[in-house]
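Q: Sharing a structure below in structure tokens format, with a few things to ask.
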Amino acid sequence: MIDLREMIAPYSSLVRETLEQFEKEHDEVAWSCFAFDSAPAHGRLGLNFDTEPNSDSIVERFAKNGPAWFGEDSAGRFNNNCADFAYCRYRDLYLVEEWVAPWEADGPFRYIDLEGNSRSVNQDETGDEGFNSIIFSALTHIRDMELDWVRSKSLNRASPARFGVQMCDSEFEDFALL
């Protein structure tokens, strides 16, 4: 069983530590996007950074394929594929015991949601997208909690900049303007 509430403190710290480390190691880089990238059923959680020149290049390359190939918000088009970020998997964690083992256990997958309610998901009915939706809710919650901190503490942020959550090979993604 996974308790999503137990992710809040360590993953909030992970956001802060990763941003501070990246900006210290790459003080010459103006980042335009900072994002969680996750494949829960494989136990992978990454934190990634993109730059405006890289993002513009990706959008230009894939624009002919249509709007499903890039992100767009009130600040314009941007690269919304963490795999194409300039600093893809800058921080990469493998959470096999924490995520994969409970997900692959026999029977319905049980978890505690962010409000403390006990829930279950039938993996046969939802496939990996069921697990994606659960972890996505926790990561977007953490992202939203950390937006103001990232806005106030980032030293090398381009304008516009975004903080996102993307689930690998999934419909679940959300990028917030900073």
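Quick note on naming: the chains in the structure tokens go A, B, ... in the order shown, residues restart at 1 in each chain, and ligands are numbered from 1 in order of appearance.
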Among stretch 21-159 of chain A, which ones does DSSP assign to strand (DSSP E or B) (computed from the backbone)? Answer as a count of residues only.
A: 42
Q: Which residues come within 10 Å of A:Asp37, counting only C-alpha atoms, excluding same-chain residues fewer than 4 positions away, as a list in words?
A: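 The neighbour list is Arg44, Leu45, Gly46, Leu47, Asn48, Asn81, Cys82, Ala83, Cys88, Arg89, Arg91, Asp92, Phe136, Leu139, Gly164, Val165, Gln166, Met167, Cys168 and Glu173 of chain A.
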Q: Need the shell around A:Asn156: protein/DNA/RNA residues with any atom at most 10 Å away, counting only C-alpha atoms. Skip same-chain ones fewer than 2 positions apart. Format as a PyMOL selection string?
A: chain A and resi 19+22-24+26-32+153-154+158-159
Q: Could you please write out, as a PyMOL selection string, every residue of stretch 79-165 of chain A that DSSP assigns to helix (DSSP H, G or I)?
A: chain A and resi 82-84+96-104+123-126+128-153
Q: If I take atom CA of A:Asp124 and atom CA of A:Met7, how far is one from the other in Å, to one decimal?
A: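 Atom-to-atom, atom CA of A:Asp124 to atom CA of A:Met7, that is 25.2 Å.
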Q: Can you work out which one of A:Leu178, A:Ala39, A:Leu155, A:Ala9 has the shortest atom-to-atom distance to A:Val96, counting only C-alpha atoms?
A: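 Comparing A:Leu178, A:Ala39, A:Leu155, A:Ala9 against A:Val96, the winner is A:Ala39.
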Q: Identify which of the residues A:Cys33, A:Met145, A:Leu177, A:Met1 lies closest to A:Thr51, counting only C-alpha atoms when measuring atom-to-atom distances.
A: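 Answer, going by the shortest atom-to-atom distance: A:Cys33.
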Q: Within 12 Å of A:Asn117, counting only C-alpha atoms, which residues qualify if same-chain residues fewer than 2 places away don't, as a list of chain:residue names?
A: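 The residues satisfying every condition are A:Ile2, A:Asp3, A:Leu4, A:Arg5, A:Arg110, A:Tyr111, A:Ile112, A:Asp113, A:Leu114, A:Glu115, A:Arg119, A:Ser120.
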Q: Excluding same-chain residues fewer than 6 positions from A:Ile8, what lies within 12 Å of it counting only C-alpha atoms, as a compact mmCIF listing (two decimals) with C-alpha atoms, in the first residue's frame?
A:
# COMPACT_ATOMS: atom_id res chain seq x y z
CA LEU A 14 13.53 16.90 -3.52
CA VAL A 15 12.16 19.80 -5.58
CA ASP A 113 -5.18 9.40 -1.12
CA LEU A 114 -4.08 12.93 -0.20
CA ILE A 135 1.01 9.37 -8.67
CA SER A 137 -2.32 13.60 -8.32
CA ALA A 138 0.43 13.53 -5.68
CA LEU A 139 3.08 15.13 -7.92
CA THR A 140 0.78 17.93 -9.11
CA HIS A 141 -0.17 18.60 -5.48
CA ILE A 142 3.52 18.87 -4.55
CA ARG A 143 4.22 21.03 -7.60
CA ASP A 144 1.38 23.38 -6.64
CA MET A 145 2.64 23.56 -3.04
CA GLU A 146 6.14 24.45 -4.27
Q: Which residue is closest to A:Ile134? Choose from A:Pro40, A:Pro108, A:Gly71, A:Pro102 and count only C-alpha atoms.
A: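 That would be A:Pro40, the residue with the smallest distance to A:Ile134.
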Q: Can you work out the spacing between atom CA of A:Tyr87 and atom CA of A:Phe49 in Å, to one decimal?
A: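 According to the coordinates, atom CA of A:Tyr87 and atom CA of A:Phe49 are separated by 5.0 Å.
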Q: Write out as a list in words each polymer residue whose atoms come within 9 Å of A:Ser55, counting only C-alpha atoms; drop sequence neighbours fewer than 6 positions from it.
A: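 Here the answer would be Ser32, Cys33, Arg77, Phe78, Asn79, Asn80, Asp84, Phe85 and Ala86 of chain A.
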Q: With only C-alpha atoms as the atoms that count, which of A:Ala176, A:Ile58, A:Ser118, A:Ser170 lies nearest to A:Val150?
A: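 That would be A:Ala176, the residue with the smallest distance to A:Val150.
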Q: So how many Å separate atom CA of A:Ser12 and atom CA of A:Trp149, to one decimal?
A: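 The value is 10.0 Å.
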